[in-house]
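Structure file entry-v7.txt (compact mmCIF, C-alpha atoms (C1' of nucleotides)) is printed below.
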# COMPACT_ATOMS: atom_id res chain seq x y z
CA MET V 1171 4.92 -5.08 15.01
CA GLU V 1172 7.81 -6.97 13.54
CA VAL V 1173 5.88 -7.95 10.44
CA PHE V 1174 4.27 -4.54 10.01
CA ALA V 1175 7.66 -2.88 10.36
CA GLU V 1176 9.53 -5.23 8.05
CA ARG V 1177 6.96 -5.45 5.31
CA GLY V 1178 4.94 -2.28 5.61
CA TYR V 1179 1.21 -2.29 6.18
CA GLN V 1180 0.08 -3.43 2.76
CA GLU V 1181 2.64 -6.14 2.35
CA ALA V 1182 2.07 -7.51 5.83
CA SER V 1183 -0.53 -10.21 5.47
CA MET V 1184 -2.64 -11.33 8.37
CA ALA V 1185 -1.37 -14.83 7.65
CA GLU V 1186 2.22 -13.77 8.15
CA ILE V 1187 1.43 -11.72 11.23
CA ALA V 1188 -0.36 -14.73 12.68
CA ARG V 1189 2.51 -17.03 11.77
CA ALA V 1190 5.00 -14.71 13.46
CA ALA V 1191 2.81 -14.79 16.56
CA GLY V 1192 2.51 -18.56 16.45
CA ILE V 1193 -1.24 -18.54 15.90
CA THR V 1194 -3.72 -18.47 13.01
CA PRO V 1195 -5.35 -15.40 11.48
CA ALA V 1196 -8.73 -16.20 13.01
CA VAL V 1197 -7.32 -15.71 16.48
CA ILE V 1198 -6.31 -12.16 15.64
CA TYR V 1199 -9.93 -11.43 14.87
CA ASP V 1200 -10.90 -12.63 18.32
CA HIS V 1201 -8.89 -9.71 19.67
CA PHE V 1202 -8.99 -6.99 17.01
CA SER V 1203 -11.80 -6.06 14.71
CA SER V 1204 -9.64 -5.54 11.63
CA LYS V 1205 -6.13 -5.27 10.30
CA ALA V 1206 -6.47 -1.50 10.26
CA GLU V 1207 -7.48 -1.40 13.91
CA LEU V 1208 -4.54 -3.58 14.85
CA GLN V 1209 -2.18 -1.22 13.07
CA ILE V 1210 -3.78 1.85 14.61
CA LEU V 1211 -3.56 0.48 18.15
CA LEU V 1212 0.09 -0.36 17.63
CA LEU V 1213 0.84 3.07 16.21
CA GLU V 1214 -0.84 4.85 19.07
CA ALA V 1215 0.85 2.76 21.73
CA GLN V 1216 4.26 3.39 20.20
CA THR V 1217 3.60 7.10 19.84
CA ASP V 1218 2.76 7.37 23.50
CA GLU V 1219 5.93 5.55 24.37
CA LEU V 1220 8.12 7.73 22.17
CA ILE V 1221 6.64 10.97 23.42
CA ALA V 1222 6.93 9.85 27.02
CA PHE V 1223 10.51 8.74 26.47
CA VAL V 1224 11.77 11.91 24.84
CA GLY V 1225 9.58 14.07 27.05
CA SER V 1226 11.02 12.70 30.24
CA ALA V 1227 14.54 13.02 28.88
CA VAL V 1228 14.23 16.75 28.27
CA SER V 1229 12.12 17.59 31.30
CA GLY V 1230 14.95 17.85 33.80
CA ASP V 1231 16.92 20.97 34.62
CA PHE V 1232 19.65 21.98 32.23
CA ALA V 1233 22.17 24.74 32.60
CA GLU V 1234 22.05 25.48 28.90
CA THR V 1235 19.41 25.18 26.28
CA ARG V 1236 21.92 23.49 24.06
CA GLU V 1237 22.38 20.69 26.56
CA ARG V 1238 18.66 20.13 26.68
CA MET V 1239 18.61 20.01 22.92
CA ARG V 1240 21.38 17.49 22.79
CA VAL V 1241 19.65 15.28 25.30
CA GLY V 1242 16.41 15.45 23.34
CA VAL V 1243 18.02 14.53 20.05
CA ASP V 1244 19.97 11.79 21.75
CA ALA V 1245 16.78 10.44 23.30
CA PHE V 1246 15.17 10.25 19.88
CA PHE V 1247 18.01 8.24 18.39
CA THR V 1248 18.11 6.05 21.47
CA PHE V 1249 14.46 5.27 20.92
CA VAL V 1250 15.18 4.43 17.30
CA GLU V 1251 17.99 2.16 18.42
CA GLU V 1252 15.96 0.38 21.05
CA HIS V 1253 12.63 0.20 19.25
CA PRO V 1254 13.50 -0.31 15.60
CA TYR V 1255 10.12 -1.80 14.78
CA ALA V 1256 8.26 1.00 16.47
CA TRP V 1257 10.27 3.62 14.66
CA ARG V 1258 9.76 2.06 11.26
CA MET V 1259 6.04 1.88 11.81
CA LEU V 1260 5.86 5.42 13.06
CA PHE V 1261 8.17 7.27 10.73
CA ARG V 1262 9.33 5.24 7.86
CA ASP V 1263 6.31 3.95 6.00
CA PRO V 1264 3.37 6.30 5.68
CA PRO V 1265 0.23 4.19 5.39
CA THR V 1266 -1.73 4.02 2.18
CA ASP V 1267 -4.95 2.93 3.78
CA PRO V 1268 -7.21 5.95 4.30
CA ALA V 1269 -8.48 4.49 7.57
CA ILE V 1270 -4.99 4.69 8.99
CA LEU V 1271 -3.86 7.87 7.30
CA SER V 1272 -5.70 10.11 9.71
CA THR V 1273 -4.08 8.34 12.67
CA TYR V 1274 -0.70 8.71 11.02
CA ARG V 1275 -1.25 12.42 10.45
CA GLU V 1276 -2.38 12.89 14.02
CA ILE V 1277 0.76 11.17 15.27
CA HIS V 1278 2.97 13.45 13.25
CA ARG V 1279 0.98 16.46 14.37
CA ARG V 1280 1.58 15.44 17.96
CA ALA V 1281 5.28 14.89 17.35
CA THR V 1282 5.76 18.26 15.70
CA ALA V 1283 3.66 19.96 18.33
CA GLY V 1284 5.73 18.35 21.06
CA ILE V 1285 8.94 19.66 19.54
CA ALA V 1286 7.38 23.08 19.04
CA VAL V 1287 6.37 23.25 22.71
CA PHE V 1288 9.91 22.38 23.63
CA LEU V 1289 11.31 25.11 21.38
CA ARG V 1290 8.81 27.64 22.66
CA ALA V 1291 9.80 26.93 26.23
CA SER V 1292 13.33 28.01 25.37
CA ALA V 1293 12.44 31.05 23.31
CA PRO V 1294 12.47 34.61 24.71
CA THR V 1295 9.26 36.52 25.23
CA ALA V 1296 10.21 39.15 22.67
CA LEU V 1297 10.24 36.64 19.88
CA LEU V 1298 7.07 34.95 21.02
CA ASP V 1299 5.24 38.25 20.76
CA GLU V 1300 5.81 38.41 17.03
CA PRO V 1301 2.62 37.60 15.18
CA GLU V 1302 4.22 34.79 13.17
CA ALA V 1303 5.89 33.23 16.19
CA GLU V 1304 3.62 30.20 16.34
CA ARG V 1305 3.99 29.46 12.69
CA ASP V 1306 7.75 29.91 12.74
CA LEU V 1307 8.12 27.57 15.67
CA GLU V 1308 6.03 25.02 13.86
CA MET V 1309 8.20 25.29 10.77
CA PHE V 1310 11.37 24.88 12.78
CA ALA V 1311 9.88 21.95 14.63
CA GLU V 1312 8.89 20.33 11.36
CA MET V 1313 12.38 20.73 9.95
CA LEU V 1314 14.02 19.42 13.10
CA LYS V 1315 11.72 16.41 13.15
CA MET V 1316 12.33 15.59 9.53
CA ALA V 1317 16.08 16.17 9.61
CA GLN V 1318 16.32 13.82 12.57
CA ASN V 1319 14.09 11.33 10.91
CA GLY V 1320 15.99 11.50 7.67
CA LEU V 1321 19.18 10.75 9.53
CA ALA V 1322 17.49 7.85 11.27
CA VAL V 1323 16.57 6.37 7.89
CA TRP V 1324 20.11 6.93 6.72
CA TRP V 1325 21.40 5.28 9.89
CA TYR V 1326 19.49 2.18 8.96
CA GLU V 1327 21.99 1.60 6.15
CA HIS V 1328 24.98 2.78 8.16
CA ARG V 1329 24.70 0.91 11.40
CA ASP V 1330 28.38 1.28 12.15
CA VAL V 1331 27.98 4.99 12.89
CA PRO V 1332 27.54 5.51 16.63
CA ARG V 1333 24.54 7.33 17.96
CA SER V 1334 26.65 10.09 19.45
CA GLU V 1335 27.90 11.04 16.02
CA LEU V 1336 24.39 11.41 14.64
CA VAL V 1337 23.50 13.63 17.56
CA GLU V 1338 26.51 15.84 16.91
CA ARG V 1339 25.69 16.20 13.25
CA VAL V 1340 22.11 17.18 13.97
CA LEU V 1341 23.23 19.83 16.43
CA GLU V 1342 25.89 21.12 14.05
CA PHE V 1343 23.38 21.24 11.25
CA CYS V 1344 20.72 23.26 12.97
CA TRP V 1345 21.86 24.37 16.34
CA ILE V 1346 23.00 27.84 15.53
CA GLY V 1347 19.76 28.51 13.77
CA LEU V 1348 17.86 27.26 16.76
CA GLU V 1349 20.06 29.20 19.13
CA ARG V 1350 19.36 32.41 17.32
CA LEU V 1351 15.70 31.59 17.34
CA THR V 1352 15.75 31.10 21.08
CA GLU V 1353 17.66 34.34 21.56
CA GLY V 1354 15.20 36.38 19.59
CA GLU V 1355 17.55 37.42 16.84
CA ARG V 1356 16.53 37.67 13.23
CA TRP V 1357 19.03 38.14 10.48
CA SER V 1358 18.81 38.58 6.78
CA MET A 645 0.15 11.30 -12.27
CA GLU A 646 -2.80 13.13 -10.87
CA VAL A 647 -4.45 9.95 -9.64
CA PHE A 648 -1.23 8.43 -8.32
CA ALA A 649 -0.44 11.66 -6.49
CA GLU A 650 -3.89 12.18 -5.04
CA ARG A 651 -4.59 8.62 -3.99
CA GLY A 652 -1.18 7.07 -3.54
CA TYR A 653 -0.05 4.02 -5.43
CA GLN A 654 -2.18 1.41 -3.70
CA GLU A 655 -5.36 3.40 -3.66
CA ALA A 656 -5.04 4.45 -7.28
CA SER A 657 -6.93 1.86 -9.28
CA MET A 658 -6.21 1.28 -12.93
CA ALA A 659 -9.90 1.97 -13.53
CA GLU A 660 -9.63 5.44 -12.01
CA ILE A 661 -6.39 6.21 -13.79
CA ALA A 662 -8.00 5.19 -17.06
CA ARG A 663 -11.08 7.25 -16.32
CA ALA A 664 -8.96 10.30 -15.59
CA ALA A 665 -7.23 9.79 -18.93
CA GLY A 666 -10.53 9.32 -20.75
CA ILE A 667 -9.79 5.74 -21.76
CA THR A 668 -10.33 2.22 -20.43
CA PRO A 669 -7.85 0.17 -18.40
CA ALA A 670 -7.11 -2.15 -21.30
CA VAL A 671 -5.59 0.71 -23.26
CA ILE A 672 -3.07 1.33 -20.51
CA TYR A 673 -1.88 -2.23 -20.95
CA ASP A 674 -1.26 -1.54 -24.64
CA HIS A 675 1.35 0.96 -23.54
CA PHE A 676 2.67 -0.24 -20.20
CA SER A 677 3.25 -3.76 -19.03
CA SER A 678 1.92 -3.23 -15.52
CA LYS A 679 0.75 -0.71 -12.97
CA ALA A 680 4.16 -0.90 -11.31
CA GLU A 681 5.96 -0.11 -14.54
CA LEU A 682 3.71 2.86 -15.15
CA GLN A 683 4.50 4.22 -11.72
CA ILE A 684 8.22 3.61 -12.13
CA LEU A 685 8.38 5.39 -15.48
CA LEU A 686 6.54 8.37 -14.05
CA LEU A 687 8.82 8.49 -11.03
CA GLU A 688 11.94 8.37 -13.13
CA ALA A 689 10.77 11.04 -15.53
CA GLN A 690 9.89 13.38 -12.69
CA THR A 691 13.17 12.75 -10.94
CA ASP A 692 15.09 13.71 -14.05
CA GLU A 693 13.05 16.86 -14.33
CA LEU A 694 13.57 17.86 -10.71
CA ILE A 695 17.30 17.23 -10.78
CA ALA A 696 17.68 19.12 -14.04
CA PHE A 697 15.61 22.00 -12.70
CA VAL A 698 17.46 22.46 -9.43
CA GLY A 699 20.78 21.62 -11.05
CA SER A 700 20.51 24.33 -13.65
CA ALA A 701 19.38 26.84 -11.03
CA VAL A 702 22.51 26.40 -8.92
CA SER A 703 24.98 25.95 -11.78
CA GLY A 704 25.53 29.64 -12.49
CA ASP A 705 28.14 31.86 -10.89
CA PHE A 706 27.40 33.23 -7.46
CA ALA A 707 29.38 35.72 -5.45
CA GLU A 708 28.58 33.92 -2.23
CA THR A 709 27.89 30.34 -1.36
CA ARG A 710 24.93 31.49 0.61
CA GLU A 711 23.32 32.96 -2.49
CA ARG A 712 23.77 29.72 -4.32
CA MET A 713 22.18 27.91 -1.42
CA ARG A 714 19.23 30.23 -1.38
CA VAL A 715 18.71 29.78 -5.10
CA GLY A 716 18.85 26.01 -4.77
CA VAL A 717 16.35 25.88 -1.94
CA ASP A 718 14.13 28.31 -3.80
CA ALA A 719 14.32 26.15 -6.91
CA PHE A 720 13.19 23.13 -4.94
CA PHE A 721 10.13 24.90 -3.57
CA THR A 722 9.40 26.34 -6.99
CA PHE A 723 9.35 22.83 -8.36
CA VAL A 724 7.01 21.76 -5.59
CA GLU A 725 4.77 24.70 -6.43
CA GLU A 726 4.73 24.05 -10.16
CA HIS A 727 4.65 20.26 -10.12
CA PRO A 728 2.56 19.33 -7.13
CA TYR A 729 1.71 15.91 -8.50
CA ALA A 730 5.31 15.12 -9.27
CA TRP A 731 6.41 16.17 -5.83
CA ARG A 732 3.80 14.08 -4.06
CA MET A 733 4.75 11.03 -6.04
CA LEU A 734 8.44 11.57 -5.46
CA PHE A 735 8.57 12.59 -1.85
CA ARG A 736 5.36 12.23 -0.07
CA ASP A 737 4.20 8.65 -0.36
CA PRO A 738 6.86 5.96 -0.16
CA PRO A 739 5.65 2.99 -2.17
CA THR A 740 4.68 -0.24 -0.50
CA ASP A 741 5.12 -2.40 -3.55
CA PRO A 742 8.55 -4.05 -3.45
CA ALA A 743 8.87 -3.71 -7.22
CA ILE A 744 8.79 0.05 -6.84
CA LEU A 745 10.65 0.37 -3.60
CA SER A 746 14.04 -0.08 -5.22
CA THR A 747 13.26 2.66 -7.71
CA TYR A 748 12.13 4.91 -4.89
CA ARG A 749 15.32 4.28 -2.94
CA GLU A 750 17.42 4.95 -6.02
CA ILE A 751 15.64 8.24 -6.57
CA HIS A 752 16.32 9.36 -3.04
CA ARG A 753 19.90 8.21 -3.31
CA ARG A 754 20.30 10.37 -6.39
CA ALA A 755 18.68 13.34 -4.70
CA THR A 756 20.88 13.12 -1.64
CA ALA A 757 23.94 12.53 -3.76
CA GLY A 758 23.12 15.59 -5.86
CA ILE A 759 22.88 17.75 -2.76
CA ALA A 760 26.09 16.26 -1.40
CA VAL A 761 27.94 17.08 -4.62
CA PHE A 762 26.68 20.61 -4.35
CA LEU A 763 27.86 20.89 -0.75
CA ARG A 764 31.20 19.37 -1.56
CA ALA A 765 31.77 21.89 -4.32
CA SER A 766 31.52 24.65 -1.72
CA ALA A 767 33.60 22.99 0.98
CA PRO A 768 37.27 23.82 1.56
CA THR A 769 39.97 21.29 0.78
CA ALA A 770 41.02 21.01 4.41
CA LEU A 771 37.67 19.65 5.42
CA LEU A 772 37.42 17.32 2.47
CA ASP A 773 40.67 15.70 3.49
CA GLU A 774 39.19 14.47 6.71
CA PRO A 775 38.53 10.76 6.52
CA GLU A 776 34.86 11.14 7.42
CA ALA A 777 34.27 13.96 4.96
CA GLU A 778 32.19 11.92 2.52
CA ARG A 779 30.02 10.54 5.22
CA ASP A 780 29.52 13.89 6.89
CA LEU A 781 28.53 15.51 3.63
CA GLU A 782 26.05 12.74 3.04
CA MET A 783 24.55 13.22 6.46
CA PHE A 784 24.21 16.95 5.96
CA ALA A 785 22.71 16.40 2.53
CA GLU A 786 20.22 13.95 3.98
CA MET A 787 19.17 16.39 6.67
CA LEU A 788 18.86 19.27 4.23
CA LYS A 789 16.77 17.17 1.87
CA MET A 790 14.46 15.99 4.60
CA ALA A 791 14.11 19.37 6.29
CA GLN A 792 13.15 20.88 2.96
CA ASN A 793 10.81 18.06 2.22
CA GLY A 794 9.23 18.24 5.63
CA LEU A 795 8.52 21.91 5.09
CA ALA A 796 7.05 21.11 1.68
CA VAL A 797 4.63 18.68 3.31
CA TRP A 798 3.79 21.30 5.89
CA TRP A 799 3.29 23.85 3.14
CA TYR A 800 0.63 21.63 1.67
CA GLU A 801 -1.59 22.51 4.62
CA HIS A 802 -0.49 26.15 4.78
CA ARG A 803 -0.77 27.33 1.21
CA ASP A 804 -1.03 30.94 2.26
CA VAL A 805 2.63 31.06 3.25
CA PRO A 806 4.69 32.43 0.37
CA ARG A 807 7.56 30.45 -1.04
CA SER A 808 10.10 33.10 -0.10
CA GLU A 809 9.26 32.64 3.55
CA LEU A 810 9.89 28.91 3.41
CA VAL A 811 13.24 29.54 1.78
CA GLU A 812 14.20 31.98 4.51
CA ARG A 813 13.24 29.58 7.26
CA VAL A 814 15.27 26.78 5.72
CA LEU A 815 18.31 28.98 5.46
CA GLU A 816 17.85 30.28 8.98
CA PHE A 817 17.46 26.77 10.26
CA CYS A 818 20.55 25.26 8.79
CA TRP A 819 22.60 27.90 7.11
CA ILE A 820 25.07 28.63 9.83
CA GLY A 821 25.76 24.95 10.23
CA LEU A 822 26.31 24.64 6.51
CA GLU A 823 28.42 27.77 6.43
CA ARG A 824 30.72 26.40 9.07
CA LEU A 825 30.89 23.14 7.22
CA THR A 826 31.95 24.89 4.05
CA GLU A 827 34.53 26.89 5.95
CA GLY A 828 36.11 23.88 7.51
CA GLU A 829 35.36 24.71 11.09
CA ARG A 830 34.38 22.15 13.66
CA TRP A 831 33.14 23.08 17.04
CA SER A 832 32.11 21.17 20.09
C1' DA G 873 -6.23 -0.23 -52.39
C1' DT G 874 -4.82 -3.45 -49.31
C1' DA G 875 -2.10 -4.91 -45.50
C1' DT G 876 -0.34 -3.83 -41.21
C1' DT G 877 -0.15 -1.57 -37.18
C1' DA G 878 -2.06 1.31 -33.43
C1' DA G 879 -5.88 2.92 -30.43
C1' DC G 880 -9.46 1.51 -28.34
C1' DC G 881 -13.03 -1.19 -25.36
C1' DA G 882 -16.69 -4.47 -22.92
C1' DA G 883 -16.56 -8.28 -20.62
C1' DA G 884 -14.26 -12.12 -18.69
C1' DT G 885 -10.32 -14.00 -15.59
C1' DC G 886 -8.01 -14.80 -11.77
C1' DC G 887 -5.46 -14.12 -7.69
C1' DT G 888 -4.52 -12.31 -3.53
C1' DC G 889 -5.94 -11.48 0.75
C1' DA G 890 -9.00 -9.86 4.61
C1' DT G 891 -12.59 -11.60 6.97
C1' DT G 892 -16.22 -15.24 8.56
C1' DT G 893 -17.96 -19.64 9.80
C1' DG G 894 -18.56 -23.16 12.64
C1' DG G 895 -16.50 -25.62 15.21
C1' DT G 896 -12.90 -28.13 19.48
C1' DA G 897 -10.62 -28.04 23.72
C1' DA G 898 -8.80 -26.19 27.61
C1' DA G 899 -9.36 -22.98 31.41
C1' DA G 900 -11.96 -20.19 34.69
C1' DC G 901 -15.91 -19.63 37.18
C1' DC G 902 -19.73 -20.79 40.63
C1' DG Z 259 -19.66 -31.01 38.27
C1' DG Z 260 -21.63 -28.30 35.18
C1' DT Z 261 -21.62 -23.82 32.80
C1' DT Z 262 -19.51 -20.10 30.63
C1' DT Z 263 -15.77 -17.93 28.76
C1' DT Z 264 -11.45 -17.92 26.30
C1' DA Z 265 -7.88 -19.51 23.02
C1' DC Z 266 -7.61 -21.58 19.28
C1' DC Z 267 -8.02 -23.33 14.21
C1' DA Z 268 -9.08 -25.53 9.32
C1' DA Z 269 -11.63 -24.46 5.86
C1' DA Z 270 -14.92 -21.46 3.48
C1' DT Z 271 -16.35 -16.85 1.78
C1' DG Z 272 -16.12 -12.79 -0.90
C1' DA Z 273 -14.56 -8.46 -2.56
C1' DG Z 274 -11.60 -5.68 -4.86
C1' DG Z 275 -8.87 -4.87 -8.53
C1' DA Z 276 -4.99 -6.05 -11.73
C1' DT Z 277 -4.62 -8.19 -15.88
C1' DT Z 278 -6.29 -10.85 -20.35
C1' DT Z 279 -9.19 -11.95 -24.03
C1' DG Z 280 -11.01 -11.23 -28.25
C1' DG Z 281 -12.53 -8.35 -30.68
C1' DT Z 282 -13.73 -3.29 -33.70
C1' DT Z 283 -12.35 0.85 -35.81
C1' DA Z 284 -9.22 4.27 -37.28
C1' DA Z 285 -4.70 5.38 -38.94
C1' DT Z 286 -0.39 4.36 -41.50
C1' DA Z 287 2.37 2.19 -44.56
C1' DT Z 288 3.52 -0.02 -49.13

Can you dump the structure from the file as structure tokens?
Amino acid sequence: MEVFAERGYQEASMAEIARAAGITPAVIYDHFSSKAELQILLLEAQTDELIAFVGSAVSGDFAETRERMRVGVDAFFTFVEEHPYAWRMLFRDPPTDPAILSTYREIHRRATAGIAVFLRASAPTALLDEPEAERDLEMFAEMLKMAQNGLAVWWYEHRDVPRSELVERVLEFCWIGLERLTEGERWS
Amino acid sequence: MEVFAERGYQEASMAEIARAAGITPAVIYDHFSSKAELQILLLEAQTDELIAFVGSAVSGDFAETRERMRVGVDAFFTFVEEHPYAWRMLFRDPPTDPAILSTYREIHRRATAGIAVFLRASAPTALLDEPEAERDLEMFAEMLKMAQNGLAVWWYEHRDVPRSELVERVLEFCWIGLERLTEGERWS
DNA sequence: ATATTAACCAAATCCTCATTTGGTAAAACC
DNA sequence: GGTTTTACCAAATGAGGATTTGGTTAATAT
């Protein structure tokens, strides 16, 4: 993971991965059928971990939707902080290899879908009855995911900024929009 | 551009690029010193075009900041619509080649900085005097850029959605946060 | 008209890896 | 104690693809 994350898939050679693991490339092939498979297994494992981590953070009871939102965003950045390699593999370097691209897309689909489910759970019935509700939720989820992710990339070059500040900025940036969404208002 | 955009840098072979241009690979080397240089020149040219395009769209006089914002966001999506290859090269597939990575980072730095300048121009003096003003603007710019870009990626799979709808969703998502930023308010 | 430069190409190079081969040695099993 | 499985590796193998070579032909310049 370290080598994949630091170098990106293409630049990570099996030789370097093996060296980092203290073995030789041949040993890797005793355990994984190809470089692509190795990458895919890592990606999937990390996705499961991220989704479980954020999911459990937001699953409790919250007095206000906003609190739940804050906890979710905070959980994401906590994951980034604690699993920097995982995050870079998952969100920073889209793969070029076609064999991995479909896995990558699936991961992002799952991430967006997860956020959308979360948003839907907070939205009022009236809004959900609108014919474009699904699509709108998906768009909001996509924007939230990418805004968060963009900040995470930015954070990488500004390590001195504390996590709590990132969380605040994300909420400031989009909260009101999300709040109105969850209250069923539309404005022009 | 077409081949780079469709396949991504790694998967685009010089042979295919040449074929698409109706020539042989050797001819490319009469004009460009390497595949990396070719990619870099294309990236830089497209960046200049995008920045000029959005820049001129938002440079006029607007009664309200919100109108200016709408026009800027609309200009971005118009560019995506009219220059799909350019957009994919610029924003969709981060390069893996180290020689190109620095160019890619510089491009994104310029894009974020351009958005930040735009936001700063609309922000009140009081807010700009805060010590963290620069950093906050940068964070907002980063989020706006990535939210927009995320929607553009999403759009790629939902071509039936009209541009105007994307623009509205972006504004809904983040406008109020931006509005408060430009009015100097902070809330907890 | 001739010299120079530019556009072009078919066929070699050549280099970087991923992947395989064909083993040894230690551990686990029975 | 012998057999099988597992962990391991040094040294090939081989493919894909960027880049060069060594030209020809068309255009431009003088």

Give the answer as one residue: which of A:Asp705, A:Leu687, A:Arg736, A:Leu745 has the shortest atom-to-atom distance to Tyr800 of chain A, using only C-alpha atoms?
A:Arg736

Considering only C-alpha atoms (C1' of nucleotides), extract the chain G residues located within 10 Å of chain V and return them as a PDB file with C-alpha atoms (C1' of nucleotides), in the coordinates of the input.
ATOM      1  C1'  DC G 889      -5.940 -11.480   0.750  1.00  0.00           C
ATOM      2  C1'  DA G 890      -9.000  -9.860   4.610  1.00  0.00           C
ATOM      3  C1'  DT G 891     -12.590 -11.600   6.970  1.00  0.00           C
ATOM      4  C1'  DT G 892     -16.220 -15.240   8.560  1.00  0.00           C
TER       5       DT G 892
END

Counting all atoms listed in the file, I want the residues whose atoms come within 12 Å of (-7.1, 6.2, -38.2) in the file frame, returned as a PyMOL selection string.
(chain G and resi 877-880) or (chain Z and resi 283-286)

Hey, could you make a per-residue contact list for chain Z against chain A with 9 Å as the cut-off, showing the nearest pair of atoms and its distance in Å to one decimal, counting all atoms listed in the file, sorted by chain and number, as CSV?
residue,atom,partner,partner_atom,distance
Z:DG275,C1',A:Ser657,CA,7.0
Z:DA276,C1',A:Met658,CA,7.5
Z:DT277,C1',A:Ser678,CA,8.2
Z:DT278,C1',A:Ala670,CA,8.8

Would you mind listing, for every residue of chain A within 7 Å of chain V, the two atoms forming the shortest contact and the distance between them in Å to one decimal, using only C-alpha atoms, sorted by chain and ascending residue number, as a Markdown table?
| residue | atom | partner | partner_atom | distance |
| --- | --- | --- | --- | --- |
| A:Gly652 | CA | V:Thr1266 | CA | 6.5 |
| A:Gln654 | CA | V:Thr1266 | CA | 6.4 |
| A:Glu655 | CA | V:Thr1266 | CA | 6.9 |
| A:Asp737 | CA | V:Pro1264 | CA | 6.5 |
| A:Pro738 | CA | V:Asp1263 | CA | 6.5 |
| A:Thr740 | CA | V:Gly1178 | CA | 6.4 |
| A:Met783 | CA | V:Leu1321 | CA | 6.7 |
| A:Phe784 | CA | V:Phe1343 | CA | 6.9 |
| A:Glu786 | CA | V:Gly1320 | CA | 6.1 |
| A:Met787 | CA | V:Ala1317 | CA | 4.3 |
| A:Leu788 | CA | V:Ala1317 | CA | 6.8 |
| A:Met790 | CA | V:Ala1317 | CA | 5.3 |
| A:Ala791 | CA | V:Met1313 | CA | 4.3 |
| A:Gly794 | CA | V:Met1316 | CA | 5.6 |
| A:Leu795 | CA | V:Met1313 | CA | 6.3 |
| A:Glu816 | CA | V:Gly1347 | CA | 5.5 |
| A:Phe817 | CA | V:Gly1347 | CA | 4.5 |
| A:Cys818 | CA | V:Cys1344 | CA | 4.6 |
| A:Ile820 | CA | V:Ile1346 | CA | 6.1 |
| A:Gly821 | CA | V:Phe1343 | CA | 4.5 |
| A:Leu822 | CA | V:Phe1343 | CA | 6.5 |

Output for the residues just chosen: C-alpha atoms as a tab-separated table (two decimals), keeping the file's coordinate frame:
chain	number	residue	atom	x	y	z
A	652	GLY	CA	-1.18	7.07	-3.54
A	654	GLN	CA	-2.18	1.41	-3.70
A	655	GLU	CA	-5.36	3.40	-3.66
A	737	ASP	CA	4.20	8.65	-0.36
A	738	PRO	CA	6.86	5.96	-0.16
A	740	THR	CA	4.68	-0.24	-0.50
A	783	MET	CA	24.55	13.22	6.46
A	784	PHE	CA	24.21	16.95	5.96
A	786	GLU	CA	20.22	13.95	3.98
A	787	MET	CA	19.17	16.39	6.67
A	788	LEU	CA	18.86	19.27	4.23
A	790	MET	CA	14.46	15.99	4.60
A	791	ALA	CA	14.11	19.37	6.29
A	794	GLY	CA	9.23	18.24	5.63
A	795	LEU	CA	8.52	21.91	5.09
A	816	GLU	CA	17.85	30.28	8.98
A	817	PHE	CA	17.46	26.77	10.26
A	818	CYS	CA	20.55	25.26	8.79
A	820	ILE	CA	25.07	28.63	9.83
A	821	GLY	CA	25.76	24.95	10.23
A	822	LEU	CA	26.31	24.64	6.51

Can you pull out every residue within 10 Å of DT279 of chain Z, counting only C-alpha atoms (C1' of nucleotides), but drop anything in the same chain fewer than 2 positions away, and send it as a ChimeraX atom specification?
/G:883-885 /Z:281

Which one is closest to Ala1233 of chain V: V:Ser1292, V:Tyr1274, V:Leu1298, V:Glu1172? Count only C-alpha atoms.
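Of V:Ser1292, V:Tyr1274, V:Leu1298, V:Glu1172, the one nearest Ala1233 of chain V, counting only C-alpha atoms, is V:Ser1292.
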
What separation in Å, quoted to one decimal, exists between atom CA of Ile751 of chain A and atom CA of Ala730 of chain A?
12.7 Å
